[in-house]
Amino acid sequence: MRCQAAIADGKGHFVIDAIEIQAPQGDEVLIEIKAAGICHTDWDSQSWGKALVMGHEGAGIVAACGPEVSTLSVGDPVMLNWAIPCYKCFQCLEGNQHLCERNSAVTAGNKISGGHATFSSTTYQELAIERAFSLGTMAEFALVREAACVKIQVPMPFPSAAIVGCGVMTGYGSVINAAKVKPGTSVVVLGTGGVGLNVIQGARIAGAGKIIAIDVNPERLAMAKTYGATHLLLADKADTGLLQAAQTVKTMTEGRGADYAFECTAIPELGAAPLAMVRNAGMAVQVSGIEQEINIDMNLFEWDKIYINPLYGKCNPQLDFPILQNLYARGVLLLDEMVTRTYPLADLAQAFADMHAGKNAKGVVTF
């Protein structure tokens, strides 16, 4: 099969061109992609030093199944999950399927993981090509492992389903699975991009009493109220480490600081900022995936503060994705509203430009 795809060259650029995909083998599934979410990670993937079929958020329809597939049938609508569990390694048996030692595209390092469908089955210009995060959703079709798929069991547009597989799960899971936010507590969210908005609605779903959203972009900050923010704080770009904002947060939380603070900006200079926002014995959560070396004033840990760095909201896909689907069906989890704009694959460059400009809560490529 030949189909169109977004292909990164590993040197900071991408093209839209044809790839070829072989029939699924073993437990592999061929997915006709209907929608692919657009994330900063997709932009970054252009510069990972290797050619890739781009995209790691997606939803579509099962087009063909390998002979060992047992839970899916042709025609099934599915949402895709990049933290593909093997169910057998130490971390999977510990319940940490998002940290799978064999299949995770993150914890397995910068190599083709066990969660990747047969490498030689997808080719570009007659050479085998890797699929980003073992998925490669910015293509008309994608070959994935069965464990990467979760059936869509409620009425849901494909663009809304597509965004569950990264930003929604990361934000919601960081609140519910990782921090375990308690009802009536106070929550601060630094950054109101796609992940930050899902932290906000995760906090609302958890029953937080006060949800303070902080951003330097007033337009993005305004979006936060739709998802559950009770207070908005426009930050000053000159406020180093958001220490002035932290003082404002303290005045809003009886002078002691918030119970929880979530960093969702991916700005290394703000890596320590959530520690400054929380009270003694409060919890700071690094959501955005900062990986650079940063300096932290240890005084910010005083006293009894906890700082955690969860991956993918500690996702257990076969448990969490159905919960998210049910929350959506009940009107509790806002997904349709989050898809601000859709784009054809040919307009991916414009979609990235709009993402960097902060115009969308979430942009989605549709097929």
# chains A, B, ... in the order shown; residues from 1 in each chain; ligands from 1

$ residues_around --residues "Ala117 (chain A)" --least-positions-apart "2" --cutoff "8 Å" --atoms "only C-alpha atoms" --output "MDAnalysis selection string"
chainID A and resid 28 114:115 119 121 134 143:145

$ residues_around --residues "region 9-22 of chain A" --least-positions-apart "2" --cutoff "7 Å" --atoms "only C-alpha atoms" --output "PyMOL selection string"
chain A and resi 1-7+24+46-52+121-124+346

$ closest_atom_pairs --of "region 47-83 of chain A" --to "region 97-104 of chain A" --cutoff "12 Å" --atoms "only C-alpha atoms" --output "tab-separated table"
residue	atom	partner	partner_atom	distance
A:Asn81	CA	A:His98	CA	9.9
A:Trp82	CA	A:Ser104	CA	7.4
A:Ala83	CA	A:His98	CA	5.2

$ write_last_selection --atoms "N, CA and C atoms" --output "compact mmCIF listing (two decimals), in the first residue's frame"
# COMPACT_ATOMS: atom_id res chain seq x y z
N ASN A 81 -2.22 4.68 21.43
CA ASN A 81 -1.47 4.94 22.65
C ASN A 81 0.00 4.62 22.38
N TRP A 82 0.90 5.56 22.68
CA TRP A 82 2.30 5.34 22.35
C TRP A 82 3.07 4.62 23.46
N ALA A 83 2.54 4.59 24.69
CA ALA A 83 3.21 3.86 25.77
C ALA A 83 2.74 2.42 25.71

$ residues_around --residues "Glu291 (chain A)" --least-positions-apart "3" --cutoff "10 Å" --atoms "only C-alpha atoms" --output "list of chain:residue names"
A:Ala266, A:Ile267, A:Pro268, A:Gly271, A:Ser288, A:Ile294

$ select_by_dssp --residues "region 4-172 of chain A" --states "strand (DSSP E)" --output "PyMOL selection string"
chain A and resi 4-8+14-21+28-37+52-53+58-65+77-80+122-124+127-128+130-131+141-145+149-151

$ closest_residue --among "A:Leu333, A:Ala258, A:Ala132, A:Ile31" --to "Arg204 (chain A)" --atoms "only C-alpha atoms"
A:Leu333

$ residues_around --residues "Tyr172 (chain A)" --least-positions-apart "3" --cutoff "12 Å" --atoms "only C-alpha atoms" --output "ChimeraX atom specification"
/A:164-169,175-181,194-206,227,262,287,310-315,320-321,323-324,327,333-334

$ select_by_dssp --residues "region 278-330 of chain A" --states "alpha helix (DSSP H)" --output "list in words"
Pro317, Gln318, Leu319, Asp320, Phe321, Pro322, Ile323, Leu324, Gln325, Asn326, Leu327, Tyr328 and Ala329 of chain A

$ closest_residue --among "A:Thr340, A:Val187, A:Thr265, A:Met355" --to "Ala284 (chain A)" --atoms "only C-alpha atoms"
A:Val187

$ residues_around --residues "Gln247 (chain A)" --least-positions-apart "3" --cutoff "10 Å" --atoms "only C-alpha atoms" --output "ChimeraX atom specification"
/A:242-244,250-253,255-257,276-277

$ closest_atom_pairs --of "region 230-343 of chain A" --to "region 210-213 of chain A" --cutoff "10 Å" --atoms "only C-alpha atoms" --output "tab-separated table"
residue	atom	partner	partner_atom	distance
A:Thr230	CA	A:Ile211	CA	5.2
A:His231	CA	A:Ile212	CA	4.7
A:Leu232	CA	A:Ala213	CA	5.0
A:Leu233	CA	A:Ala213	CA	6.1
A:Leu234	CA	A:Ala213	CA	8.4
A:Ala235	CA	A:Ala213	CA	9.9
A:Val249	CA	A:Ile212	CA	8.0
A:Met252	CA	A:Ile212	CA	8.9
A:Thr253	CA	A:Lys210	CA	8.8
A:Ala258	CA	A:Lys210	CA	8.9
A:Asp259	CA	A:Lys210	CA	9.8
A:Tyr260	CA	A:Ile211	CA	9.6
A:Ala261	CA	A:Ile212	CA	9.2
A:Phe262	CA	A:Ala213	CA	9.8

$ write_last_selection --atoms "N, CA and C atoms" --output "PDB file, in the first residue's frame"
ATOM      1  N   THR A 230     -10.468  28.547  38.323  1.00  0.00           N
ATOM      2  CA  THR A 230     -11.269  29.462  39.134  1.00  0.00           C
ATOM      3  C   THR A 230     -10.604  30.835  39.266  1.00  0.00           C
ATOM      4  N   HIS A 231      -9.289  30.884  39.052  1.00  0.00           N
ATOM      5  CA  HIS A 231      -8.544  32.138  39.147  1.00  0.00           C
ATOM      6  C   HIS A 231      -7.514  32.179  38.019  1.00  0.00           C
ATOM      7  N   LEU A 232      -7.302  33.364  37.456  1.00  0.00           N
ATOM      8  CA  LEU A 232      -6.337  33.561  36.374  1.00  0.00           C
ATOM      9  C   LEU A 232      -5.269  34.546  36.834  1.00  0.00           C
ATOM     10  N   LEU A 233      -4.010  34.213  36.561  1.00  0.00           N
ATOM     11  CA  LEU A 233      -2.899  35.088  36.957  1.00  0.00           C
ATOM     12  C   LEU A 233      -1.998  35.294  35.740  1.00  0.00           C
ATOM     13  N   LEU A 234      -1.988  36.529  35.218  1.00  0.00           N
ATOM     14  CA  LEU A 234      -1.148  36.860  34.075  1.00  0.00           C
ATOM     15  C   LEU A 234       0.264  37.133  34.580  1.00  0.00           C
ATOM     16  N   ALA A 235       1.197  36.284  34.145  1.00  0.00           N
ATOM     17  CA  ALA A 235       2.577  36.386  34.622  1.00  0.00           C
ATOM     18  C   ALA A 235       3.365  37.414  33.819  1.00  0.00           C
ATOM     19  N   VAL A 249       0.440  33.871  44.543  1.00  0.00           N
ATOM     20  CA  VAL A 249      -0.250  32.619  44.839  1.00  0.00           C
ATOM     21  C   VAL A 249      -0.415  32.446  46.342  1.00  0.00           C
ATOM     22  N   MET A 252      -3.230  34.233  47.714  1.00  0.00           N
ATOM     23  CA  MET A 252      -4.498  33.638  47.290  1.00  0.00           C
ATOM     24  C   MET A 252      -4.794  32.335  48.027  1.00  0.00           C
ATOM     25  N   THR A 253      -3.821  31.854  48.800  1.00  0.00           N
ATOM     26  CA  THR A 253      -3.969  30.555  49.481  1.00  0.00           C
ATOM     27  C   THR A 253      -3.628  30.684  50.964  1.00  0.00           C
ATOM     28  N   ALA A 258      -0.063  26.824  47.580  1.00  0.00           N
ATOM     29  CA  ALA A 258      -1.052  25.853  47.121  1.00  0.00           C
ATOM     30  C   ALA A 258      -0.718  24.445  47.613  1.00  0.00           C
ATOM     31  N   ASP A 259      -1.721  23.583  47.582  1.00  0.00           N
ATOM     32  CA  ASP A 259      -1.493  22.180  47.931  1.00  0.00           C
ATOM     33  C   ASP A 259      -0.716  21.454  46.838  1.00  0.00           C
ATOM     34  N   TYR A 260      -0.988  21.829  45.573  1.00  0.00           N
ATOM     35  CA  TYR A 260      -0.330  21.188  44.425  1.00  0.00           C
ATOM     36  C   TYR A 260       0.018  22.268  43.404  1.00  0.00           C
ATOM     37  N   ALA A 261       1.134  22.076  42.690  1.00  0.00           N
ATOM     38  CA  ALA A 261       1.485  22.953  41.574  1.00  0.00           C
ATOM     39  C   ALA A 261       2.039  22.097  40.442  1.00  0.00           C
ATOM     40  N   PHE A 262       1.575  22.382  39.236  1.00  0.00           N
ATOM     41  CA  PHE A 262       1.937  21.598  38.055  1.00  0.00           C
ATOM     42  C   PHE A 262       2.646  22.493  37.043  1.00  0.00           C
TER      43      PHE A 262
END

$ closest_residue --among "A:Leu127, A:Cys39, A:Leu319, A:Ala108" --to "Lys151 (chain A)" --atoms "only C-alpha atoms"
A:Leu319

$ closest_residue --among "A:Ile296, A:Val285, A:Ala128, A:Leu335" --to "Val53 (chain A)" --atoms "only C-alpha atoms"
A:Ala128

$ closest_residue --among "A:Val339, A:Ala245, A:Ala238, A:Ala8" --to "Glu130 (chain A)" --atoms "only C-alpha atoms"
A:Ala8

$ residues_around --residues "Glu337 (chain A)" --least-positions-apart "5" --cutoff "12 Å" --atoms "only C-alpha atoms" --output "VMD selection string"
chain A and resid 157 159 to 160 163 194 197 to 198 223 to 224 226 to 227 328 331 to 332 360 to 363

$ write_last_selection --atoms "N, CA, C and O atoms" --output "short mmCIF file (atom, residue, chain, number, x, y, z; two decimals), in the first residue's frame"
data_model
loop_
_atom_site.label_atom_id
_atom_site.label_comp_id
_atom_site.auth_asym_id
_atom_site.auth_seq_id
_atom_site.Cartn_x
_atom_site.Cartn_y
_atom_site.Cartn_z
N PRO A 157 -16.09 12.09 17.88
CA PRO A 157 -15.42 12.44 16.62
C PRO A 157 -13.95 12.03 16.67
O PRO A 157 -13.31 12.10 17.72
N PRO A 159 -11.22 13.56 15.60
CA PRO A 159 -10.27 14.56 16.12
C PRO A 159 -10.23 14.61 17.64
O PRO A 159 -9.16 14.77 18.23
N SER A 160 -11.38 14.46 18.28
CA SER A 160 -11.42 14.46 19.75
C SER A 160 -10.76 13.21 20.30
O SER A 160 -10.05 13.26 21.31
N ILE A 163 -6.66 13.25 20.29
CA ILE A 163 -5.84 14.01 21.24
C ILE A 163 -5.75 13.35 22.61
O ILE A 163 -4.93 13.76 23.44
N GLY A 194 -1.91 22.94 25.61
CA GLY A 194 -2.75 21.75 25.55
C GLY A 194 -2.65 20.89 26.79
O GLY A 194 -3.66 20.43 27.33
N LEU A 197 -4.12 22.82 29.97
CA LEU A 197 -5.58 22.84 30.00
C LEU A 197 -6.14 21.51 30.48
O LEU A 197 -7.18 21.47 31.15
N ASN A 198 -5.45 20.43 30.17
CA ASN A 198 -5.92 19.12 30.63
C ASN A 198 -5.58 18.87 32.08
O ASN A 198 -6.28 18.12 32.76
N MET A 223 -8.56 30.89 27.89
CA MET A 223 -9.10 29.56 27.61
C MET A 223 -9.26 28.75 28.89
O MET A 223 -10.11 27.86 28.98
N ALA A 224 -8.43 29.03 29.88
CA ALA A 224 -8.36 28.19 31.08
C ALA A 224 -9.69 28.16 31.84
O ALA A 224 -10.02 27.15 32.47
N THR A 226 -12.66 28.03 30.66
CA THR A 226 -13.56 27.04 30.05
C THR A 226 -13.34 25.66 30.64
O THR A 226 -14.29 24.88 30.79
N TYR A 227 -12.09 25.35 30.99
CA TYR A 227 -11.75 24.00 31.43
C TYR A 227 -11.78 23.83 32.94
O TYR A 227 -11.59 22.72 33.43
N TYR A 328 -15.93 11.76 28.81
CA TYR A 328 -16.33 12.54 27.64
C TYR A 328 -17.81 12.34 27.33
O TYR A 328 -18.54 13.31 27.09
N GLY A 331 -20.07 14.36 29.32
CA GLY A 331 -19.91 15.80 29.21
C GLY A 331 -18.99 16.40 30.25
O GLY A 331 -18.92 17.63 30.39
N VAL A 332 -18.27 15.55 30.98
CA VAL A 332 -17.37 16.02 32.04
C VAL A 332 -16.00 16.38 31.48
O VAL A 332 -15.40 17.39 31.87
N ASN A 360 -4.13 27.91 19.08
CA ASN A 360 -5.06 26.81 19.29
C ASN A 360 -4.90 26.20 20.68
O ASN A 360 -3.79 26.11 21.20
N ALA A 361 -6.03 25.78 21.26
CA ALA A 361 -5.92 24.88 22.39
C ALA A 361 -5.29 23.58 21.92
O ALA A 361 -4.38 23.04 22.52
N LYS A 362 -5.79 23.11 20.78
CA LYS A 362 -5.21 21.93 20.14
C LYS A 362 -5.55 21.94 18.66
O LYS A 362 -6.70 22.11 18.27
N GLY A 363 -4.52 21.79 17.82
CA GLY A 363 -4.72 21.63 16.39
C GLY A 363 -4.65 20.15 16.04
O GLY A 363 -3.93 19.38 16.69
#

$ residues_around --residues "Val364 (chain A)" --least-positions-apart "6" --cutoff "7 Å" --atoms "only C-alpha atoms" --output "tab-separated table (two decimals) with C-alpha atoms, in the first residue's frame"
chain	number	residue	atom	x	y	z
A	35	ALA	CA	-7.11	12.28	12.78
A	36	ALA	CA	-3.68	13.06	14.25
A	37	GLY	CA	-3.07	15.53	17.07
A	38	ILE	CA	-0.37	18.17	16.71
A	159	PRO	CA	-10.27	14.56	16.12
A	339	VAL	CA	-9.92	20.94	19.02
A	341	ARG	CA	-8.82	23.97	14.35
A	342	THR	CA	-8.30	21.07	11.95
A	343	TYR	CA	-5.89	20.98	9.02

$ closest_residue --among "A:Thr248, A:Tyr307, A:Cys92, A:Ile84" --to "Val106 (chain A)" --atoms "only C-alpha atoms"
A:Ile84

$ atom_distance --atom1 "CA of Ala272 (chain A)" --atom2 "CA of Glu254 (chain A)"
21.8 Å
